[in-house]
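Scroll down for the structure; my scribbles are underneath it.
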2 protein chains.
Amino acid sequence: MTDPKAPVELLVCTTCRAGAPTDQEGPRPGTQLFEALQGCKLPDNVTLRGVECFSNCDFGCSITLRGGSDRWTYVYGQFTGSKDADLIADGASKYAATPDGLVPWRERSTHFRKNCIARIPPQEIPE
Amino acid sequence: MTDPKAPVELLVCTTCRAGAPTDQEGPRPGTQLFEALQGCKLPDNVTLRGVECFSNCDFGCSITLRGGSDRWTYVYGQFTGSKDADLIADGASKYAATPDGLVPWRERSTHFRKNCIARIPPQEIPE
């Protein structure tokens with residue numbers, strides 16, 4: 001039933017300031033991260049999308065991984081901007097290769113292990 | 001298109017210890033909260049479900065509100081257990097009355113205003 005090729009969305013909060021002052025000029029860290037991810041190699045089943053505000057403003061730049069009726073949704077935070085694009089692309093690739101969104105602990109990067117903000121079960125909650 | 005009567009799920013993390021010691025006996029605070037919510041009046045379009053671990057363990061008892069293709073999903077935290085059941089039932093009722101999950105700020109309780117862990121856009125992300 002579960003399909004490891006089901007479409008995945010990588011959502012990036014583009015309005016995040018990552019703690020920078022409100023009068024700082026130029027694109028915000030969240031937007032810089034989004035733009036850097038546009039240059040990264042992502043699996044064919046991953047779509048990158050920008051979103052305005054995850055309401056997770058105290059925990060740095062944030063992303064959400066979701067997709068497919070059988071996958072858990074994950075929110076990760078504490079990214080600092082464009083320099084974390086490769087780290088996120090790696091995590092998104094591992095997530096997109098699973099049927100249920102559960103990447104084995106040993107395969108997760110240290111950042112993903114330490115900065116999971118929340119996870120939400122799939123529509124059909126596993127027993 | 002949007003339907004304020006679309007089904008809503010109120011998910012409660014039943015494994016939450018809310019900072020209590022691991023050797024404490026009896027049901028965990030998350031389970032106590034879930035059981036207290038079973039006794040609360042909820043709108044007809046809200047289904048209460050227990051879930052094991054939202055990975056939001058540093059921020060107390062947590063709930064998720066989701067449902068309908070047009071609603072934002074919200075994760076709220078820092079609940080302390082069964083005594084917050086009415087507060088959560090109130091927040092869930094307001095959420096379930098909206099077509100998009102966006103409860104006006106002035107209608108949100110102080111706890112909901114201050115303890116939003118994250119929000120995730122609906123499947124069809126609004127422009």
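To be explicit about the labels: the chains of the structure tokens are called A, B, and onward in the order shown, and within each one the residues are counted from 1, while ligands get numbers from 1 in the order they are shown.
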Would you pick out the contacts of Lys5 in chain B at 8 Å or less, using only C-alpha atoms, so that residues sharing its chain but fewer than 3 positions from it are not included, and give the list as a CSV table (one decimal) with all heavy atoms, in the first residue's frame?
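Saved result, selection-v8.csv, follows:
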chain,number,residue,atom,x,y,z
B,45,ASN,N,-18.4,18.1,14.4
B,45,ASN,CA,-17.4,17.8,13.3
B,45,ASN,C,-16.0,17.6,13.8
B,45,ASN,O,-15.0,17.5,13.1
B,45,ASN,CB,-17.4,18.9,12.2
B,45,ASN,CG,-17.0,20.3,12.8
B,45,ASN,OD1,-17.2,20.6,13.9
B,45,ASN,ND2,-16.4,21.1,11.9
B,96,ALA,N,-12.7,24.6,14.6
B,96,ALA,CA,-13.6,23.8,13.8
B,96,ALA,C,-14.7,24.6,13.2
B,96,ALA,O,-15.4,24.1,12.3
B,96,ALA,CB,-14.2,22.7,14.7
B,97,ALA,N,-14.9,25.8,13.7
B,97,ALA,CA,-16.0,26.7,13.1
B,97,ALA,C,-15.4,27.5,11.9
B,97,ALA,O,-16.2,28.2,11.3
B,97,ALA,CB,-16.5,27.6,14.2
B,99,PRO,N,-13.5,28.0,8.1
B,99,PRO,CA,-13.3,27.2,6.9
B,99,PRO,C,-11.8,27.0,6.6
B,99,PRO,O,-11.4,26.0,5.9
B,99,PRO,CB,-13.9,28.0,5.8
B,99,PRO,CG,-13.9,29.4,6.4
B,99,PRO,CD,-13.9,29.3,7.9
Could the residues of chain A within 7 Å of chain B, counting only C-alpha atoms, be given as a list of chain:residue names, please? A:Phe54, A:Ser55, A:Asn56, A:Cys116, A:Ile117, A:Ala118, A:Arg119, A:Ile120
Given identical sequences, can you show me chain B least-squares superposed on chain A via all its Cα atoms in order, as a CSV table (one decimal) with C-alpha atoms, in the first residue's frame?
chain,number,residue,atom,x,y,z
B,1,MET,CA,0.0,0.0,0.0
B,2,THR,CA,2.7,2.4,1.0
B,3,ASP,CA,4.5,4.1,-1.8
B,4,PRO,CA,8.0,5.4,-1.3
B,5,LYS,CA,7.6,7.4,-4.6
B,6,ALA,CA,4.5,9.3,-3.4
B,7,PRO,CA,5.0,13.0,-4.0
B,8,VAL,CA,6.7,14.9,-1.2
B,9,GLU,CA,6.6,18.7,-0.4
B,10,LEU,CA,9.5,20.5,1.1
B,11,LEU,CA,8.0,23.7,2.5
B,12,VAL,CA,10.3,26.5,3.5
B,13,CYS,CA,9.2,29.5,5.6
B,14,THR,CA,10.3,32.4,3.5
B,15,THR,CA,9.4,35.1,6.0
B,16,CYS,CA,11.8,33.9,8.7
B,17,ARG,CA,14.3,36.5,10.0
B,18,ALA,CA,16.2,33.9,12.1
B,19,GLY,CA,16.5,36.5,14.8
B,20,ALA,CA,17.9,39.3,12.5
B,21,PRO,CA,16.8,42.9,13.3
B,22,THR,CA,13.6,44.0,11.6
B,23,ASP,CA,15.3,46.9,9.9
B,24,GLN,CA,17.9,44.7,8.1
B,25,GLU,CA,17.8,45.3,4.4
B,26,GLY,CA,17.8,42.6,1.7
B,27,PRO,CA,16.1,39.2,1.5
B,28,ARG,CA,15.3,37.6,4.8
B,29,PRO,CA,17.2,34.5,5.9
B,30,GLY,CA,14.2,32.3,5.1
B,31,THR,CA,14.0,33.7,1.5
B,32,GLN,CA,17.8,33.2,1.1
B,33,LEU,CA,17.4,29.6,2.2
B,34,PHE,CA,14.5,29.0,-0.2
B,35,GLU,CA,16.5,30.5,-3.1
B,36,ALA,CA,19.6,28.4,-2.2
B,37,LEU,CA,17.4,25.2,-2.1
B,38,GLN,CA,16.2,26.0,-5.7
B,39,GLY,CA,19.8,25.3,-6.7
B,40,CYS,CA,20.1,22.0,-4.9
B,41,LYS,CA,19.6,18.5,-6.3
B,42,LEU,CA,16.4,17.1,-5.0
B,43,PRO,CA,14.7,13.7,-5.8
B,44,ASP,CA,12.1,13.8,-8.6
B,45,ASN,CA,9.3,13.2,-6.2
B,46,VAL,CA,10.1,16.3,-4.1
B,47,THR,CA,8.5,19.7,-4.8
B,48,LEU,CA,10.0,22.8,-3.2
B,49,ARG,CA,7.5,25.5,-2.1
B,50,GLY,CA,7.8,28.7,-0.2
B,51,VAL,CA,5.3,29.5,2.6
B,52,GLU,CA,4.7,32.7,4.5
B,53,CYS,CA,5.2,32.0,8.3
B,54,PHE,CA,5.0,28.7,10.1
B,55,SER,CA,4.4,30.5,13.4
B,56,ASN,CA,7.6,28.9,14.6
B,57,CYS,CA,9.5,32.2,14.8
B,58,ASP,CA,11.5,31.5,18.0
B,59,PHE,CA,13.3,28.6,16.4
B,60,GLY,CA,15.1,30.0,13.4
B,61,CYS,CA,14.5,29.1,9.8
B,62,SER,CA,12.1,26.3,9.5
B,63,ILE,CA,11.0,23.6,7.0
B,64,THR,CA,8.2,21.1,6.8
B,65,LEU,CA,8.4,17.8,5.0
B,66,ARG,CA,5.1,16.1,4.1
B,67,GLY,CA,3.5,14.1,1.4
B,68,GLY,CA,1.6,10.9,0.7
B,69,SER,CA,-1.3,9.6,2.7
B,70,ASP,CA,1.1,7.3,4.7
B,71,ARG,CA,3.8,9.6,5.7
B,72,TRP,CA,4.3,11.4,9.0
B,73,THR,CA,4.7,15.2,8.6
B,74,TYR,CA,7.9,16.7,10.2
B,75,VAL,CA,8.7,20.3,11.1
B,76,TYR,CA,12.4,21.1,11.6
B,77,GLY,CA,13.9,24.3,12.8
B,78,GLN,CA,17.0,26.2,13.8
B,79,PHE,CA,18.4,26.5,10.3
B,80,THR,CA,20.4,29.7,9.8
B,81,GLY,CA,19.8,30.4,6.1
B,82,SER,CA,21.3,29.6,2.8
B,83,LYS,CA,24.3,27.7,4.1
B,84,ASP,CA,22.0,25.0,5.4
B,85,ALA,CA,20.6,24.2,2.0
B,86,ASP,CA,22.6,21.1,1.3
B,87,LEU,CA,21.8,19.8,4.8
B,88,ILE,CA,18.1,20.2,4.2
B,89,ALA,CA,18.3,18.7,0.7
B,90,ASP,CA,20.0,15.6,2.2
B,91,GLY,CA,17.3,15.3,4.9
B,92,ALA,CA,14.5,15.8,2.3
B,93,SER,CA,16.0,13.1,0.1
B,94,LYS,CA,16.1,10.6,2.9
B,95,TYR,CA,12.5,11.4,3.9
B,96,ALA,CA,11.3,11.2,0.3
B,97,ALA,CA,12.8,7.7,0.0
B,98,THR,CA,10.6,6.3,2.8
B,99,PRO,CA,7.1,5.1,2.5
B,100,ASP,CA,6.1,6.5,6.0
B,101,GLY,CA,8.3,9.5,6.5
B,102,LEU,CA,10.2,7.7,9.3
B,103,VAL,CA,13.9,8.0,8.5
B,104,PRO,CA,15.9,5.6,10.7
B,105,TRP,CA,17.6,7.5,13.6
B,106,ARG,CA,21.2,6.4,12.5
B,107,GLU,CA,20.6,7.9,9.1
B,108,ARG,CA,19.5,11.3,10.3
B,109,SER,CA,21.9,14.2,10.4
B,110,THR,CA,22.8,15.6,13.8
B,111,HIS,CA,20.8,18.8,13.0
B,112,PHE,CA,17.7,16.8,12.1
B,113,ARG,CA,18.1,14.7,15.3
B,114,LYS,CA,18.3,17.7,17.5
B,115,ASN,CA,15.9,20.2,15.9
B,116,CYS,CA,12.7,18.4,15.2
B,117,ILE,CA,10.0,20.9,16.2
B,118,ALA,CA,7.1,18.6,15.9
B,119,ARG,CA,5.8,15.7,13.9
B,120,ILE,CA,2.2,15.0,12.9
B,121,PRO,CA,0.8,11.5,12.0
B,122,PRO,CA,-0.4,10.6,8.6
B,123,GLN,CA,-4.1,10.8,7.9
B,124,GLU,CA,-4.4,7.1,8.6
B,125,ILE,CA,-2.8,7.0,12.0
B,126,PRO,CA,-0.8,3.7,12.4
B,127,GLU,CA,-1.8,1.5,15.3
Please report, as JSON, numbers by chain, each residue of chain B to which DSSP assigns alpha helix (DSSP H) when run on this structure's backbone. {"B": [29, 30, 31, 32, 33, 34, 35, 36, 37, 38, 85, 86, 87, 88, 89, 90, 91, 92, 93, 94, 95, 96, 110, 111, 112, 113, 114]}
Quick one: DSSP strand (DSSP E or B) residues in range 5-105 of chain B, as a ChimeraX atom specification? /B:8-13,46-51,61-66,73-79
